[in-house]
$ cat target_8.pdb   # PDB, C-alpha atoms
ATOM      1  CA  MET A   1     -55.709 -80.691 -79.608
ATOM      2  CA  PRO A   2     -59.515 -80.933 -79.718
ATOM      3  CA  GLU A   3     -61.035 -83.701 -81.853
ATOM      4  CA  LYS A   4     -62.111 -82.436 -85.272
ATOM      5  CA  ILE A   5     -65.309 -83.944 -86.675
ATOM      6  CA  ALA A   6     -65.983 -84.184 -90.424
ATOM      7  CA  LEU A   7     -69.037 -85.582 -92.187
ATOM      8  CA  VAL A   8     -68.827 -86.910 -95.751
ATOM      9  CA  THR A   9     -71.927 -87.837 -97.750
ATOM     10  CA  GLY A  10     -71.638 -90.423-100.480
ATOM     11  CA  ALA A  11     -68.622 -91.731 -98.584
ATOM     12  CA  GLY A  12     -68.787 -95.323 -99.821
ATOM     13  CA  THR A  13     -67.300 -94.943-103.298
ATOM     14  CA  GLY A  14     -65.270 -92.724-105.608
ATOM     15  CA  VAL A  15     -64.575 -89.159-104.545
ATOM     16  CA  GLY A  16     -66.433 -89.519-101.243
ATOM     17  CA  ARG A  17     -64.416 -92.580-100.301
ATOM     18  CA  ALA A  18     -61.138 -90.861-101.211
ATOM     19  CA  ALA A  19     -62.068 -87.697 -99.311
ATOM     20  CA  ALA A  20     -63.132 -89.631 -96.212
ATOM     21  CA  ARG A  21     -59.885 -91.617 -96.145
ATOM     22  CA  ALA A  22     -57.808 -88.479 -96.702
ATOM     23  CA  LEU A  23     -59.584 -86.676 -93.865
ATOM     24  CA  MET A  24     -59.034 -89.637 -91.537
ATOM     25  CA  LYS A  25     -55.336 -89.656 -92.426
ATOM     26  CA  ALA A  26     -55.247 -85.938 -91.617
ATOM     27  CA  GLY A  27     -56.579 -86.618 -88.118
ATOM     28  CA  TYR A  28     -60.296 -85.984 -88.494
ATOM     29  CA  THR A  29     -62.891 -88.320 -87.043
ATOM     30  CA  VAL A  30     -65.160 -88.849 -90.046
ATOM     31  CA  VAL A  31     -68.871 -89.592 -90.105
ATOM     32  CA  LEU A  32     -69.319 -91.836 -93.146
ATOM     33  CA  ALA A  33     -72.747 -91.354 -94.716
ATOM     34  CA  GLY A  34     -74.180 -93.204 -97.705
ATOM     35  CA  ARG A  35     -76.887 -95.618 -98.784
ATOM     36  CA  ARG A  36     -74.854 -98.845 -98.762
ATOM     37  CA  LYS A  37     -73.666 -99.819 -95.306
ATOM     38  CA  GLU A  38     -71.323-102.489 -96.610
ATOM     39  CA  LYS A  39     -69.400 -99.909 -98.644
ATOM     40  CA  LEU A  40     -69.194 -97.553 -95.667
ATOM     41  CA  ASP A  41     -67.931-100.404 -93.499
ATOM     42  CA  GLU A  42     -65.168-101.030 -96.031
ATOM     43  CA  VAL A  43     -64.064 -97.394 -95.852
ATOM     44  CA  ALA A  44     -64.179 -97.472 -92.054
ATOM     45  CA  ALA A  45     -62.024-100.615 -92.003
ATOM     46  CA  GLU A  46     -59.521 -99.126 -94.462
ATOM     47  CA  GLY A  47     -59.258 -95.998 -92.331
ATOM     48  CA  ALA A  48     -58.869 -97.965 -89.106
ATOM     49  CA  ARG A  49     -55.950 -99.933 -90.537
ATOM     50  CA  GLU A  50     -54.211 -96.601 -91.064
ATOM     51  CA  GLY A  51     -55.057 -95.349 -87.573
ATOM     52  CA  GLY A  52     -58.124 -93.325 -88.593
ATOM     53  CA  LYS A  53     -61.370 -92.981 -86.681
ATOM     54  CA  SER A  54     -64.858 -92.943 -88.151
ATOM     55  CA  LEU A  55     -68.544 -93.547 -87.521
ATOM     56  CA  VAL A  56     -70.710 -95.331 -90.088
ATOM     57  CA  VAL A  57     -74.202 -93.837 -90.457
ATOM     58  CA  PRO A  58     -76.235 -95.210 -93.391
ATOM     59  CA  ALA A  59     -78.275 -92.378 -94.899
ATOM     60  CA  ASP A  60     -80.163 -91.498 -98.066
ATOM     61  CA  ILE A  61     -79.525 -87.884 -99.056
ATOM     62  CA  ALA A  62     -82.732 -87.908-101.138
ATOM     63  CA  ASP A  63     -84.755 -88.492 -97.936
ATOM     64  CA  PRO A  64     -85.239 -85.491 -95.612
ATOM     65  CA  GLN A  65     -85.937 -87.694 -92.582
ATOM     66  CA  SER A  66     -82.768 -89.687 -93.214
ATOM     67  CA  ILE A  67     -80.757 -86.462 -93.393
ATOM     68  CA  ALA A  68     -82.237 -85.218 -90.105
ATOM     69  CA  ALA A  69     -81.367 -88.522 -88.437
ATOM     70  CA  LEU A  70     -77.802 -88.386 -89.819
ATOM     71  CA  PHE A  71     -77.073 -84.991 -88.310
ATOM     72  CA  ALA A  72     -78.878 -85.806 -85.066
ATOM     73  CA  THR A  73     -76.644 -88.875 -84.685
ATOM     74  CA  THR A  74     -73.555 -86.775 -85.400
ATOM     75  CA  LYS A  75     -74.501 -84.163 -82.814
ATOM     76  CA  ARG A  76     -75.501 -86.752 -80.210
ATOM     77  CA  THR A  77     -72.266 -88.709 -80.659
ATOM     78  CA  PHE A  78     -69.714 -85.927 -80.954
ATOM     79  CA  GLY A  79     -71.460 -82.733 -79.832
ATOM     80  CA  ARG A  80     -70.147 -80.741 -82.785
ATOM     81  CA  LEU A  81     -69.367 -80.686 -86.514
ATOM     82  CA  ASP A  82     -66.299 -78.981 -87.964
ATOM     83  CA  VAL A  83     -66.408 -79.966 -91.656
ATOM     84  CA  LEU A  84     -69.199 -81.081 -93.975
ATOM     85  CA  PHE A  85     -68.340 -82.380 -97.443
ATOM     86  CA  ASN A  86     -71.556 -82.469 -99.465
ATOM     87  CA  ASN A  87     -70.447 -85.068-101.971
ATOM     88  CA  ALA A  88     -73.473 -87.307-102.610
ATOM     89  CA  GLY A  89     -74.937 -86.882-106.078
ATOM     90  CA  VAL A  90     -76.551 -88.724-108.959
ATOM     91  CA  GLY A  91     -76.651 -88.367-112.717
ATOM     92  CA  ALA A  92     -79.452 -89.048-115.194
ATOM     93  CA  PRO A  93     -79.714 -90.990-118.453
ATOM     94  CA  ALA A  94     -77.866 -89.405-121.391
ATOM     95  CA  VAL A  95     -80.898 -88.961-123.624
ATOM     96  CA  PRO A  96     -82.292 -86.080-125.707
ATOM     97  CA  LEU A  97     -83.750 -83.399-123.468
ATOM     98  CA  GLU A  98     -87.333 -84.081-124.535
ATOM     99  CA  ASP A  99     -86.992 -87.787-123.709
ATOM    100  CA  LEU A 100     -85.767 -87.422-120.135
ATOM    101  CA  PRO A 101     -88.347 -89.059-117.828
ATOM    102  CA  PHE A 102     -89.692 -86.836-115.076
ATOM    103  CA  ASP A 103     -88.739 -89.320-112.368
ATOM    104  CA  LYS A 104     -85.090 -89.182-113.472
ATOM    105  CA  TRP A 105     -85.166 -85.375-113.429
ATOM    106  CA  LYS A 106     -86.744 -85.401-109.968
ATOM    107  CA  ALA A 107     -84.223 -87.913-108.612
ATOM    108  CA  ALA A 108     -81.363 -85.619-109.643
ATOM    109  CA  VAL A 109     -83.024 -82.571-108.100
ATOM    110  CA  ASP A 110     -83.975 -84.392-104.892
ATOM    111  CA  THR A 111     -80.438 -85.636-104.247
ATOM    112  CA  ASN A 112     -78.170 -83.042-105.823
ATOM    113  CA  VAL A 113     -80.081 -79.891-104.875
ATOM    114  CA  THR A 114     -82.622 -80.537-102.124
ATOM    115  CA  GLY A 115     -80.418 -83.053-100.332
ATOM    116  CA  THR A 116     -77.447 -80.699-100.408
ATOM    117  CA  PHE A 117     -79.586 -77.804 -99.164
ATOM    118  CA  LEU A 118     -80.941 -79.851 -96.268
ATOM    119  CA  CYS A 119     -77.430 -80.967 -95.279
ATOM    120  CA  ILE A 120     -76.266 -77.335 -95.326
ATOM    121  CA  GLN A 121     -79.278 -76.358 -93.226
ATOM    122  CA  GLU A 122     -78.568 -79.046 -90.617
ATOM    123  CA  ALA A 123     -74.876 -78.136 -90.535
ATOM    124  CA  PHE A 124     -75.714 -74.455 -89.983
ATOM    125  CA  ARG A 125     -77.886 -75.356 -86.989
ATOM    126  CA  ILE A 126     -75.031 -77.270 -85.367
ATOM    127  CA  MET A 127     -72.199 -74.921 -86.323
ATOM    128  CA  LYS A 128     -73.968 -71.743 -85.187
ATOM    129  CA  ALA A 129     -74.748 -73.186 -81.749
ATOM    130  CA  GLN A 130     -71.518 -75.017 -80.909
ATOM    131  CA  THR A 131     -68.512 -73.784 -78.953
ATOM    132  CA  PRO A 132     -66.175 -72.817 -80.471
ATOM    133  CA  ARG A 133     -68.628 -71.529 -83.036
ATOM    134  CA  GLY A 134     -68.441 -72.066 -86.781
ATOM    135  CA  GLY A 135     -67.208 -74.668 -89.223
ATOM    136  CA  ARG A 136     -66.614 -75.358 -92.885
ATOM    137  CA  ILE A 137     -68.922 -76.650 -95.616
ATOM    138  CA  ILE A 138     -67.526 -77.898 -98.923
ATOM    139  CA  ASN A 139     -69.934 -78.616-101.770
ATOM    140  CA  ASN A 140     -69.121 -80.969-104.633
ATOM    141  CA  GLY A 141     -69.825 -78.989-107.776
ATOM    142  CA  SER A 142     -68.710 -79.927-111.267
ATOM    143  CA  LEU A 143     -67.228 -78.489-114.431
ATOM    144  CA  ALA A 144     -70.784 -79.025-115.683
ATOM    145  CA  ALA A 145     -71.700 -75.954-113.660
ATOM    146  CA  TYR A 146     -69.780 -73.942-116.275
ATOM    147  CA  THR A 147     -69.701 -76.069-119.427
ATOM    148  CA  PRO A 148     -72.346 -78.766-119.997
ATOM    149  CA  ARG A 149     -71.990 -82.006-121.876
ATOM    150  CA  PRO A 150     -74.574 -83.082-124.468
ATOM    151  CA  PHE A 151     -77.733 -84.667-123.043
ATOM    152  CA  THR A 152     -77.005 -83.805-119.392
ATOM    153  CA  ILE A 153     -79.628 -81.185-118.593
ATOM    154  CA  ALA A 154     -80.594 -82.637-115.195
ATOM    155  CA  TYR A 155     -77.036 -82.991-113.964
ATOM    156  CA  THR A 156     -75.964 -79.631-115.405
ATOM    157  CA  ALA A 157     -78.934 -77.751-113.957
ATOM    158  CA  THR A 158     -78.451 -79.240-110.512
ATOM    159  CA  LYS A 159     -74.742 -78.436-110.499
ATOM    160  CA  HIS A 160     -75.565 -74.838-111.435
ATOM    161  CA  ALA A 161     -77.839 -74.873-108.387
ATOM    162  CA  ILE A 162     -74.965 -76.084-106.200
ATOM    163  CA  THR A 163     -73.065 -72.921-107.140
ATOM    164  CA  GLY A 164     -76.021 -70.846-105.946
ATOM    165  CA  LEU A 165     -76.171 -72.796-102.690
ATOM    166  CA  THR A 166     -72.440 -72.268-102.188
ATOM    167  CA  LYS A 167     -72.596 -68.507-102.703
ATOM    168  CA  SER A 168     -75.649 -68.034-100.484
ATOM    169  CA  ALA A 169     -74.312 -70.274 -97.720
ATOM    170  CA  SER A 170     -70.976 -68.455 -97.844
ATOM    171  CA  LEU A 171     -72.746 -65.136 -97.402
ATOM    172  CA  ASP A 172     -75.241 -66.278 -94.769
ATOM    173  CA  GLY A 173     -72.570 -68.118 -92.800
ATOM    174  CA  ARG A 174     -70.199 -65.182 -92.656
ATOM    175  CA  PRO A 175     -71.514 -63.673 -89.369
ATOM    176  CA  TYR A 176     -71.264 -67.074 -87.658
ATOM    177  CA  ASP A 177     -67.751 -68.133 -88.730
ATOM    178  CA  ILE A 178     -69.138 -70.685 -91.170
ATOM    179  CA  ALA A 179     -67.013 -70.850 -94.315
ATOM    180  CA  CYS A 180     -68.581 -72.416 -97.398
ATOM    181  CA  GLY A 181     -66.741 -73.313-100.594
ATOM    182  CA  GLN A 182     -67.092 -75.497-103.654
ATOM    183  CA  ILE A 183     -64.832 -77.971-105.409
ATOM    184  CA  ASP A 184     -65.483 -78.460-109.120
ATOM    185  CA  ILE A 185     -64.152 -81.817-110.241
ATOM    186  CA  GLY A 186     -63.325 -82.905-113.762
ATOM    187  CA  ASN A 187     -63.021 -86.609-114.557
ATOM    188  CA  ALA A 188     -62.045 -88.178-111.251
ATOM    189  CA  VAL A 189     -62.123 -91.969-111.160
ATOM    190  CA  SER A 190     -65.473 -93.067-109.695
ATOM    191  CA  PRO A 191     -68.469 -95.229-110.647
ATOM    192  CA  LEU A 192     -70.095 -92.081-112.077
ATOM    193  CA  THR A 193     -67.252 -91.611-114.588
ATOM    194  CA  GLU A 194     -66.669 -95.245-115.552
ATOM    195  CA  ARG A 195     -68.258 -94.770-118.971
ATOM    196  CA  MET A 196     -65.641 -92.136-119.837
ATOM    197  CA  ALA A 197     -62.978 -94.828-120.082
ATOM    198  CA  THR A 198     -64.981 -97.726-121.532
ATOM    199  CA  GLY A 199     -66.467 -98.554-124.923
ATOM    200  CA  ASP A 200     -66.391 -95.592-127.283
ATOM    201  CA  GLY A 201     -66.138 -93.117-124.416
ATOM    202  CA  MET A 202     -68.151 -89.928-123.936
ATOM    203  CA  LEU A 203     -70.270 -88.083-126.473
ATOM    204  CA  GLN A 204     -68.660 -84.782-127.491
ATOM    205  CA  PRO A 205     -70.432 -81.604-128.684
ATOM    206  CA  GLY A 206     -69.402 -82.333-132.286
ATOM    207  CA  GLY A 207     -71.313 -85.615-132.226
ATOM    208  CA  HIS A 208     -68.331 -87.978-131.997
ATOM    209  CA  LYS A 209     -67.312 -90.034-128.973
ATOM    210  CA  LEU A 210     -63.999 -89.960-127.178
ATOM    211  CA  ILE A 211     -62.257 -91.896-124.428
ATOM    212  CA  GLU A 212     -61.421 -89.235-121.850
ATOM    213  CA  PRO A 213     -58.451 -89.202-119.470
ATOM    214  CA  ARG A 214     -59.310 -89.394-115.778
ATOM    215  CA  MET A 215     -57.409 -88.543-112.619
ATOM    216  CA  GLU A 216     -57.236 -90.475-109.362
ATOM    217  CA  ALA A 217     -59.913 -89.691-106.783
ATOM    218  CA  GLU A 218     -57.152 -89.453-104.182
ATOM    219  CA  ASP A 219     -56.033 -86.198-105.831
ATOM    220  CA  VAL A 220     -59.440 -84.754-104.998
ATOM    221  CA  GLY A 221     -59.127 -86.070-101.447
ATOM    222  CA  ALA A 222     -55.901 -84.101-101.040
ATOM    223  CA  ALA A 223     -57.676 -80.939-102.217
ATOM    224  CA  ILE A 224     -60.493 -81.504 -99.723
ATOM    225  CA  VAL A 225     -57.973 -81.839 -96.893
ATOM    226  CA  TYR A 226     -56.372 -78.547 -97.951
ATOM    227  CA  MET A 227     -59.713 -76.732 -98.038
ATOM    228  CA  ALA A 228     -60.806 -78.247 -94.732
ATOM    229  CA  GLY A 229     -57.543 -77.405 -92.990
ATOM    230  CA  LEU A 230     -57.626 -73.670 -93.564
ATOM    231  CA  PRO A 231     -58.420 -71.440 -90.578
ATOM    232  CA  LEU A 232     -61.989 -70.159 -90.624
ATOM    233  CA  SER A 233     -60.607 -66.704 -91.404
ATOM    234  CA  ALA A 234     -59.725 -68.037 -94.895
ATOM    235  CA  ASN A 235     -61.901 -69.755 -97.476
ATOM    236  CA  VAL A 236     -61.498 -71.347-100.893
ATOM    237  CA  LEU A 237     -64.754 -70.211-102.478
ATOM    238  CA  PHE A 238     -64.207 -72.185-105.718
ATOM    239  CA  MET A 239     -61.530 -74.697-106.618
ATOM    240  CA  THR A 240     -61.255 -76.636-109.889
ATOM    241  CA  VAL A 241     -59.446 -79.977-109.827
ATOM    242  CA  MET A 242     -59.437 -81.780-113.171
ATOM    243  CA  ALA A 243     -57.636 -84.362-115.237
ATOM    244  CA  THR A 244     -54.942 -82.398-117.058
ATOM    245  CA  LYS A 245     -55.665 -83.921-120.463
ATOM    246  CA  MET A 246     -59.456 -84.057-120.365
ATOM    247  CA  PRO A 247     -61.190 -82.241-123.239
ATOM    248  CA  TYR A 248     -62.318 -79.100-121.448
ATOM    249  CA  VAL A 249     -59.905 -76.163-121.744
ATOM    250  CA  GLY A 250     -59.854 -74.776-125.276
ATOM    251  CA  ARG A 251     -63.002 -76.746-126.195
ATOM    252  CA  GLY A 252     -61.042 -80.019-126.216
TER     253      GLY A 252
END
$ encode --input "target_8.pdb" --output "structure tokens"
Amino acid sequence: MPEKIALVTGAGTGVGRAAARALMKAGYTVVLAGRRKEKLDEVAAEGAREGGKSLVVPADIADPQSIAALFATTKRTFGRLDVLFNNAGVGAPAVPLEDLPFDKWKAAVDTNVTGTFLCIQEAFRIMKAQTPRGGRIINNGSLAAYTPRPFTIAYTATKHAITGLTKSASLDGRPYDIACGQIDIGNAVSPLTERMATGDGMLQPGGHKLIEPRMEAEDVGAAIVYMAGLPLSANVLFMTVMATKMPYVGRG
């Protein structure tokens, strides 16, 4: 069976870490991309102890040159790319809309939108040219793409943009056997969601705060493996994986 190559951005912690380990367990060789090499090395070591194979490539998804180098290394090393999980993302301070600093807005856009677009673009170039042709791209969306939280305009706007990227990439990839889908995650355990379970919890639309239930990131990893393992004739366009008891359905 030919070696299957997957690339996971933001692979050092949280959902990215769980997805990378799950893909390794499923037999993929995983390119581990992220800003902190020591975290990527930890994931690589964990995977190796379970028989998994990986390649650590430090990369900053907010830097176009770093993205180009990441995909060039992947192509040079393996000659192909079968799965891309666009997971890397950042939030912004939870402040009133008018008080959000421009640099925090720009950081969210640069990583969550532009970085994701550039990764999709690089993946298309590889997947269209390789033999056998095609591949799968999975974008990390969010329930914020449908229902925002208070004081999250940068994160919410960029996750709306991810949905647009997913739909366009799905359409544009269709003639080339490139399937593109999106996983919308609600309250998975990660550094980004730590504040949900600490202190007074998260601000709710009614103005009160609430500790919110979270689910294990490994549950998201299992969903990624399912999406990745489908034949290219089938695609999960959108999947929602959320903590069962989080305040979302029925307005909490």
$ closest_residue --input "target_8.pdb" --among "A:Ile153, A:Ala59, A:Ala129, A:Ala69" --to "Arg35 of chain A" --atoms "only C-alpha atoms"
A:Ala59
$ closest_residue --input "target_8.pdb" --among "A:Ile162, A:Ala22, A:Met127, A:Val15" --to "Gly186 of chain A" --atoms "only C-alpha atoms"
A:Val15
$ closest_residue --input "target_8.pdb" --among "A:Met24, A:Ala234, A:Leu192, A:Ile67" --to "Arg49 of chain A" --atoms "all atoms listed in the file"
A:Met24
$ axis_aligned_box --input "target_8.pdb" --around "segment 245-249 of chain A" --padding-each-side "3 Å" --output "JSON"
{"center_x": -59.0, "center_y": -80.1, "center_z": -121.8, "size_x": 12.7, "size_y": 13.9, "size_z": 8.9}
$ closest_residue --input "target_8.pdb" --among "A:Asn112, A:Ser142, A:Thr152, A:Ser66" --to "Glu98 of chain A" --atoms "all atoms listed in the file"
A:Thr152
$ residues_around --input "target_8.pdb" --residues "Ala94 of chain A" --least-positions-apart "2" --cutoff "12 Å" --atoms "all atoms listed in the file" --output "PyMOL selection string"
chain A and resi 91-92+96-101+104-105+149-156+195+202-204
$ closest_atom_pairs --input "target_8.pdb" --of "segment 91-199 of chain A" --to "segment 215-231 of chain A" --cutoff "9 Å" --atoms "only C-alpha atoms" --output "JSON lines"
{"residue": "A:Arg136", "atom": "CA", "partner": "A:Ala228", "partner_atom": "CA", "distance": 6.7}
{"residue": "A:Ile137", "atom": "CA", "partner": "A:Ala228", "partner_atom": "CA", "distance": 8.3}
{"residue": "A:Ile138", "atom": "CA", "partner": "A:Ala228", "partner_atom": "CA", "distance": 7.9}
{"residue": "A:Gly181", "atom": "CA", "partner": "A:Met227", "partner_atom": "CA", "distance": 8.2}
{"residue": "A:Ile183", "atom": "CA", "partner": "A:Ile224", "partner_atom": "CA", "distance": 8.0}
{"residue": "A:Ile185", "atom": "CA", "partner": "A:Val220", "partner_atom": "CA", "distance": 7.6}
{"residue": "A:Gly186", "atom": "CA", "partner": "A:Met215", "partner_atom": "CA", "distance": 8.3}
{"residue": "A:Asn187", "atom": "CA", "partner": "A:Met215", "partner_atom": "CA", "distance": 6.2}
{"residue": "A:Ala188", "atom": "CA", "partner": "A:Met215", "partner_atom": "CA", "distance": 4.8}
{"residue": "A:Val189", "atom": "CA", "partner": "A:Ala217", "partner_atom": "CA", "distance": 5.4}
{"residue": "A:Ser190", "atom": "CA", "partner": "A:Ala217", "partner_atom": "CA", "distance": 7.1}
$ write_last_selection --input "target_8.pdb" --atoms "C-alpha atoms" --output "short mmCIF file (atom, residue, chain, number, x, y, z; two decimals), in the coordinates of the input"
data_model
loop_
_atom_site.label_atom_id
_atom_site.label_comp_id
_atom_site.auth_asym_id
_atom_site.auth_seq_id
_atom_site.Cartn_x
_atom_site.Cartn_y
_atom_site.Cartn_z
CA ARG A 136 -66.61 -75.36 -92.88
CA ILE A 137 -68.92 -76.65 -95.62
CA ILE A 138 -67.53 -77.90 -98.92
CA GLY A 181 -66.74 -73.31 -100.59
CA ILE A 183 -64.83 -77.97 -105.41
CA ILE A 185 -64.15 -81.82 -110.24
CA GLY A 186 -63.32 -82.90 -113.76
CA ASN A 187 -63.02 -86.61 -114.56
CA ALA A 188 -62.04 -88.18 -111.25
CA VAL A 189 -62.12 -91.97 -111.16
CA SER A 190 -65.47 -93.07 -109.70
#
$ resolve_selection --input "target_8.pdb" --expression "the PyMOL selection byres ((chain A and resi 115) around 8)" --output "ChimeraX atom specification"
/A:61-64,67,110-114,116-119
$ write_last_selection --input "target_8.pdb" --atoms "C-alpha atoms" --output "PDB file, in the coordinates of the input"
ATOM      1  CA  ILE A  61     -79.525 -87.884 -99.056  1.00  0.00           C
ATOM      2  CA  ALA A  62     -82.732 -87.908-101.138  1.00  0.00           C
ATOM      3  CA  ASP A  63     -84.755 -88.492 -97.936  1.00  0.00           C
ATOM      4  CA  PRO A  64     -85.239 -85.491 -95.612  1.00  0.00           C
ATOM      5  CA  ILE A  67     -80.757 -86.462 -93.393  1.00  0.00           C
ATOM      6  CA  ASP A 110     -83.975 -84.392-104.892  1.00  0.00           C
ATOM      7  CA  THR A 111     -80.438 -85.636-104.247  1.00  0.00           C
ATOM      8  CA  ASN A 112     -78.170 -83.042-105.823  1.00  0.00           C
ATOM      9  CA  VAL A 113     -80.081 -79.891-104.875  1.00  0.00           C
ATOM     10  CA  THR A 114     -82.622 -80.537-102.124  1.00  0.00           C
ATOM     11  CA  THR A 116     -77.447 -80.699-100.408  1.00  0.00           C
ATOM     12  CA  PHE A 117     -79.586 -77.804 -99.164  1.00  0.00           C
ATOM     13  CA  LEU A 118     -80.941 -79.851 -96.268  1.00  0.00           C
ATOM     14  CA  CYS A 119     -77.430 -80.967 -95.279  1.00  0.00           C
TER      15      CYS A 119
END
$ closest_residue --input "target_8.pdb" --among "A:Val57, A:Ala88, A:Gly16, A:Glu50" --to "Val31 of chain A" --atoms "all atoms listed in the file"
A:Val57
$ closest_residue --input "target_8.pdb" --among "A:Pro58, A:Gly14, A:Gly47, A:Gly173" --to "Ala26 of chain A" --atoms "all atoms listed in the file"
A:Gly47
$ resolve_selection --input "target_8.pdb" --expression "the PyMOL selection byres ((chain A and resi 33) around 12)" --output "VMD selection string"
chain A and resid 6 to 13 16 to 17 20 30 to 32 34 to 41 43 to 44 54 to 61 66 to 67 69 to 71 73 to 74 84 to 88 119
$ closest_atom_pairs --input "target_8.pdb" --of "segment 128-178 of chain A" --to "segment 239-242 of chain A" --cutoff "12 Å" --atoms "all atoms listed in the file" --output "JSON lines"
{"residue": "A:Ile138", "atom": "CA", "partner": "A:Met239", "partner_atom": "CA", "distance": 10.3}
{"residue": "A:Asn139", "atom": "CA", "partner": "A:Met239", "partner_atom": "CA", "distance": 10.5}
{"residue": "A:Asn140", "atom": "CA", "partner": "A:Met239", "partner_atom": "CA", "distance": 10.0}
{"residue": "A:Gly141", "atom": "CA", "partner": "A:Thr240", "partner_atom": "CA", "distance": 9.1}
{"residue": "A:Ser142", "atom": "CA", "partner": "A:Thr240", "partner_atom": "CA", "distance": 8.3}
{"residue": "A:Leu143", "atom": "CA", "partner": "A:Thr240", "partner_atom": "CA", "distance": 7.7}
{"residue": "A:Ala144", "atom": "CA", "partner": "A:Thr240", "partner_atom": "CA", "distance": 11.4}
{"residue": "A:Ala145", "atom": "CA", "partner": "A:Thr240", "partner_atom": "CA", "distance": 11.1}
{"residue": "A:Tyr146", "atom": "CA", "partner": "A:Thr240", "partner_atom": "CA", "distance": 11.0}
{"residue": "A:Thr163", "atom": "CA", "partner": "A:Met239", "partner_atom": "CA", "distance": 11.7}
$ atom_distance --input "target_8.pdb" --atom1 "atom CA of Thr147 of chain A" --atom2 "atom CA of Tyr248 of chain A"
8.2 Å
$ resolve_selection --input "target_8.pdb" --expression "the PyMOL selection byres ((chain A and resi 213) around 9)" --output "VMD selection string"
chain A and resid 187 196 to 197 211 to 212 214 to 215 243 to 247
$ atom_distance --input "target_8.pdb" --atom1 "atom CA of Gly250 of chain A" --atom2 "atom CA of Asp200 of chain A"
21.9 Å
$ atom_distance --input "target_8.pdb" --atom1 "atom CA of Phe78 of chain A" --atom2 "atom CA of Lys4 of chain A"
9.4 Å
$ residues_near_point --input "target_8.pdb" --point "(-70.9, -67.9, -95.1)" --cutoff "6 Å" --atoms "all atoms listed in the file" --output "list in words"
Ala169, Ser170, Leu171, Asp172, Gly173, Arg174, Ile178, Ala179 and Cys180 of chain A
$ decode --input "target_8.pdb" --residues "segment 14-25 of chain A" --atoms "N, CA, C and O atoms" --output "JSON list (two decimals), in the first residue's frame"
[["chain", "number", "residue", "atom", "x", "y", "z"],
["A", 14, "GLY", "N", -3.10, 20.95, 21.46],
["A", 14, "GLY", "CA", -4.55, 20.91, 21.31],
["A", 14, "GLY", "C", -5.05, 20.03, 20.19],
["A", 14, "GLY", "O", -4.64, 18.88, 20.03],
["A", 15, "VAL", "N", -5.96, 20.58, 19.39],
["A", 15, "VAL", "CA", -6.59, 19.84, 18.31],
["A", 15, "VAL", "C", -5.57, 19.37, 17.28],
["A", 15, "VAL", "O", -5.64, 18.23, 16.79],
["A", 16, "GLY", "N", -4.61, 20.22, 16.94],
["A", 16, "GLY", "CA", -3.59, 19.83, 15.96],
["A", 16, "GLY", "C", -2.78, 18.65, 16.42],
["A", 16, "GLY", "O", -2.49, 17.72, 15.65],
["A", 17, "ARG", "N", -2.39, 18.68, 17.69],
["A", 17, "ARG", "CA", -1.63, 17.57, 18.28],
["A", 17, "ARG", "C", -2.45, 16.28, 18.23],
["A", 17, "ARG", "O", -1.95, 15.22, 17.83],
["A", 18, "ALA", "N", -3.72, 16.37, 18.65],
["A", 18, "ALA", "CA", -4.58, 15.18, 18.66],
["A", 18, "ALA", "C", -4.80, 14.64, 17.25],
["A", 18, "ALA", "O", -4.79, 13.42, 17.03],
["A", 19, "ALA", "N", -5.00, 15.54, 16.29],
["A", 19, "ALA", "CA", -5.22, 15.11, 14.91],
["A", 19, "ALA", "C", -3.98, 14.46, 14.33],
["A", 19, "ALA", "O", -4.06, 13.42, 13.65],
["A", 20, "ALA", "N", -2.81, 15.05, 14.60],
["A", 20, "ALA", "CA", -1.56, 14.49, 14.09],
["A", 20, "ALA", "C", -1.32, 13.08, 14.64],
["A", 20, "ALA", "O", -0.96, 12.15, 13.91],
["A", 21, "ARG", "N", -1.54, 12.91, 15.94],
["A", 21, "ARG", "CA", -1.34, 11.60, 16.55],
["A", 21, "ARG", "C", -2.34, 10.58, 16.01],
["A", 21, "ARG", "O", -1.99, 9.42, 15.76],
["A", 22, "ALA", "N", -3.58, 11.01, 15.83],
["A", 22, "ALA", "CA", -4.60, 10.10, 15.30],
["A", 22, "ALA", "C", -4.27, 9.67, 13.87],
["A", 22, "ALA", "O", -4.44, 8.50, 13.51],
["A", 23, "LEU", "N", -3.79, 10.62, 13.07],
["A", 23, "LEU", "CA", -3.42, 10.28, 11.69],
["A", 23, "LEU", "C", -2.22, 9.34, 11.66],
["A", 23, "LEU", "O", -2.18, 8.40, 10.85],
["A", 24, "MET", "N", -1.25, 9.55, 12.55],
["A", 24, "MET", "CA", -0.12, 8.62, 12.61],
["A", 24, "MET", "C", -0.58, 7.22, 12.99],
["A", 24, "MET", "O", -0.14, 6.23, 12.40],
["A", 25, "LYS", "N", -1.48, 7.14, 13.97],
["A", 25, "LYS", "CA", -2.01, 5.84, 14.38],
["A", 25, "LYS", "C", -2.74, 5.16, 13.23],
["A", 25, "LYS", "O", -2.77, 3.92, 13.13]]
